[in-house]
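Reviewing the structure listed below.
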Amino acid sequence: MRTTRLILPAVVLLAVAGLAWGQTMYGNTNAAPRYAGAKIVTELTGDQVVGSVAIRAFGKVYFDVRSDGTLHYKVQTTGTDNITGVYINQGGNGQVGPVVARLFTPDQPTGLIRGTIVEGTLTDADLVGPLAGQGVGALVDWLMDNDKVHVNITTTDHPQGELRGNIPYPYH
């Protein structure tokens, strides 16, 4: 009986310490180990924008879930002008939803871009809206377990979106 009283508090203490360490390392302890190595490719076109945009340009977004719990991304286009932002939004096919992550928000619209618009690693500070304050791990979990997520490129001509790509689900 005395041994049980000593072991149970020790197990609880270790569990709490492990959780705190995991949140320090990964933001959300569920994301990194479970999805490390997952790669996502999303096609961006004007016809996926709600209301459809007739445009020749198209793009791709590459996501890579790293073993350290971070989410690396690369956004490319075949020729988009006056870009005002690149975002991850909530909302599936035909739905407009809130921004949950900012991938690119220039101080002023870009010139014509053929190739890579932006490449980087998402940080907790990039999360907004429903995911603000939850950590990148929460975004990774959300991307992996949700079929209502898309990437949106906004421009001066199309502030609601010129290119959009629904993130495929399931893709792992």
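Labels for the structure tokens follow display order: chains A, B, ..., residues from 1 in each chain, ligands from 1.
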
For Thr156 of chain A, work out the shell of residues within 8 Å, counting only C-alpha atoms and skipping chain neighbours fewer than 3 positions away, then give it as a short mmCIF file (atom, residue, chain, number, x, y, z; two decimals) with N, CA and C atoms, in the first residue's frame.
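So selection.cif came out as:
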data_model
loop_
_atom_site.label_atom_id
_atom_site.label_comp_id
_atom_site.auth_asym_id
_atom_site.auth_seq_id
_atom_site.Cartn_x
_atom_site.Cartn_y
_atom_site.Cartn_z
N ASN A 82 1.10 41.64 -58.41
CA ASN A 82 0.45 42.43 -57.37
C ASN A 82 -0.10 41.57 -56.22
N ILE A 83 0.72 40.63 -55.76
CA ILE A 83 0.31 39.76 -54.66
C ILE A 83 0.28 40.57 -53.36
N THR A 84 -0.82 40.42 -52.62
CA THR A 84 -0.97 41.12 -51.34
C THR A 84 -0.90 40.16 -50.15
N PRO A 109 2.12 45.56 -52.54
CA PRO A 109 1.94 44.49 -53.53
C PRO A 109 3.25 44.20 -54.28
N PRO A 159 -8.86 40.76 -54.23
CA PRO A 159 -8.54 40.78 -52.80
C PRO A 159 -9.13 39.60 -52.01
#

Give one line per residue of segment 79-115 of chain A that approaches segment 128-141 of chain A to at most 8 Å, naming the two atoms of the closest pair and their distance in Å to one decimal, counting only C-alpha atoms; sort by chain then ascending residue number and deliver it as a tab-separated table.
residue	atom	partner	partner_atom	distance
A:Pro98	CA	A:Gly129	CA	6.6
A:Val99	CA	A:Gly129	CA	6.2
A:Val100	CA	A:Val128	CA	4.9
A:Ala101	CA	A:Val128	CA	5.6
A:Arg102	CA	A:Val128	CA	7.6

Spatial neighbours of Gly59 of chain A, max dist 7 Å, only C-alpha atoms, sep filter under 5 positions, as a tab-separated table (two decimals) with N, CA and C atoms, in the first residue's frame:
chain	number	residue	atom	x	y	z
A	43	GLU	N	-2.29	22.13	-55.40
A	43	GLU	CA	-2.36	22.86	-56.67
A	43	GLU	C	-3.22	24.10	-56.47
A	44	LEU	N	-2.77	25.25	-56.98
A	44	LEU	CA	-3.50	26.51	-56.88
A	44	LEU	C	-3.98	26.94	-58.25
A	45	THR	N	-5.28	27.18	-58.39
A	45	THR	CA	-5.85	27.65	-59.66
A	45	THR	C	-6.91	28.71	-59.38
A	76	GLN	N	4.79	28.58	-54.90
A	76	GLN	CA	5.28	28.95	-56.23
A	76	GLN	C	4.11	29.30	-57.14
A	77	THR	N	4.38	30.15	-58.14
A	77	THR	CA	3.37	30.51	-59.13
A	77	THR	C	4.01	30.61	-60.51
A	78	THR	N	3.18	30.47	-61.53
A	78	THR	CA	3.68	30.57	-62.91
A	78	THR	C	3.69	32.00	-63.41

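Between atom CA of Leu127 of chain A and atom CA of Thr80 of chain A the separation is 24.6 Å.
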
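Neighbouring residues of Asn152 of chain A at 6 Å or closer, counting only C-alpha atoms and skipping chain neighbours under 3 positions away, are Val86, Tyr87, Gly161, Leu163 and Arg164 of chain A.
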
Residues within 9 Å of Val149 of chain A, only C-alpha atoms, excluding chain neighbours under 5 positions, as a VMD selection string: chain A and resid 88 to 93 97 142 to 143 165 to 168

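For the atom pair formed by atom CA of Ser67 of chain A and atom CA of Gly37 of chain A, the distance is 6.6 Å, given to one decimal.
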
Helix (DSSP H, G or I) positions in segment 26-94 of chain A, given as a PyMOL selection string: chain A and resi 26+31-35+46-48

Okay, now the selection with C-alpha atoms, as a PDB file, in the first residue's frame?
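What landed in selection26.pdb:
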ATOM      1  CA  TYR A  26       6.660  21.266 -30.266  1.00  0.00           C
ATOM      2  CA  ALA A  31       1.763  16.996 -34.033  1.00  0.00           C
ATOM      3  CA  ALA A  32       5.449  16.310 -34.549  1.00  0.00           C
ATOM      4  CA  PRO A  33       5.869  12.642 -33.681  1.00  0.00           C
ATOM      5  CA  ARG A  34       2.614  11.576 -35.306  1.00  0.00           C
ATOM      6  CA  TYR A  35       3.073  13.347 -38.657  1.00  0.00           C
ATOM      7  CA  GLY A  46      -8.314  30.464 -60.288  1.00  0.00           C
ATOM      8  CA  ASP A  47     -11.229  28.103 -60.795  1.00  0.00           C
ATOM      9  CA  GLN A  48     -10.968  26.901 -57.168  1.00  0.00           C
TER      10      GLN A  48
END

DSSP-assigned strand (DSSP E) among segment 8-152 of chain A, expressed as a PyMOL selection string: chain A and resi 39-44+59-65+71-80+83-90+99-104+113-121+149-152

The selected residues should be written to file as a CSV table (one decimal), in the first residue's frame (atoms: C-alpha atoms).
chain,number,residue,atom,x,y,z
A,39,LYS,CA,4.6,15.9,-47.3
A,40,ILE,CA,1.7,17.8,-48.9
A,41,VAL,CA,1.4,19.3,-52.4
A,42,THR,CA,-1.5,21.6,-53.2
A,43,GLU,CA,-2.4,22.9,-56.7
A,44,LEU,CA,-3.5,26.5,-56.9
A,59,GLY,CA,0.7,27.7,-58.5
A,60,LYS,CA,1.7,25.0,-56.1
A,61,VAL,CA,2.3,24.9,-52.4
A,62,TYR,CA,4.6,22.4,-50.8
A,63,PHE,CA,4.3,21.5,-47.1
A,64,ASP,CA,6.8,19.4,-45.1
A,65,VAL,CA,6.2,18.4,-41.5
A,71,LEU,CA,6.0,23.1,-40.7
A,72,HIS,CA,8.1,24.1,-43.7
A,73,TYR,CA,6.4,25.6,-46.8
A,74,LYS,CA,7.2,26.8,-50.3
A,75,VAL,CA,4.7,28.7,-52.5
A,76,GLN,CA,5.3,29.0,-56.2
A,77,THR,CA,3.4,30.5,-59.1
A,78,THR,CA,3.7,30.6,-62.9
A,79,GLY,CA,3.1,34.3,-63.1
A,80,THR,CA,1.1,36.3,-60.6
A,83,ILE,CA,0.3,39.8,-54.7
A,84,THR,CA,-1.0,41.1,-51.3
A,85,GLY,CA,-0.9,37.9,-49.3
A,86,VAL,CA,-0.7,34.1,-49.1
A,87,TYR,CA,-2.7,32.5,-46.4
A,88,ILE,CA,-4.0,29.2,-45.0
A,89,ASN,CA,-7.8,29.5,-44.6
A,90,GLN,CA,-10.5,27.4,-43.0
A,99,VAL,CA,-7.5,33.0,-42.2
A,100,VAL,CA,-5.7,30.6,-39.7
A,101,ALA,CA,-2.1,31.2,-40.8
A,102,ARG,CA,-0.2,33.9,-42.7
A,103,LEU,CA,2.5,32.6,-45.1
A,104,PHE,CA,3.3,35.9,-46.8
A,113,ILE,CA,6.4,36.7,-59.8
A,114,ARG,CA,7.3,33.6,-61.8
A,115,GLY,CA,8.7,31.0,-59.4
A,116,THR,CA,8.9,31.0,-55.7
A,117,ILE,CA,6.8,33.6,-53.9
A,118,VAL,CA,7.9,32.6,-50.4
A,119,GLU,CA,9.6,29.8,-48.6
A,120,GLY,CA,9.9,29.4,-44.8
A,121,THR,CA,8.9,27.7,-41.6
A,149,VAL,CA,-8.6,23.8,-45.4
A,150,HIS,CA,-7.2,25.8,-48.4
A,151,VAL,CA,-4.4,28.0,-49.4
A,152,ASN,CA,-5.3,31.4,-50.8

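Closest approach to Val49 of chain A among A:Thr105, A:Leu112, A:Asp126, A:Gln95 is made by A:Gln95 (distances from only C-alpha atoms).
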
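Minimum atom-to-atom distances from A:Asp124, A:Glu162, A:Asp107, A:Ala38 to Phe58 of chain A were compared using only C-alpha atoms, and the lowest value belongs to A:Glu162.
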
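Taking atom CA of Gln108 of chain A and atom CA of Ile153 of chain A as the two end points, the separation is 14.3 Å.
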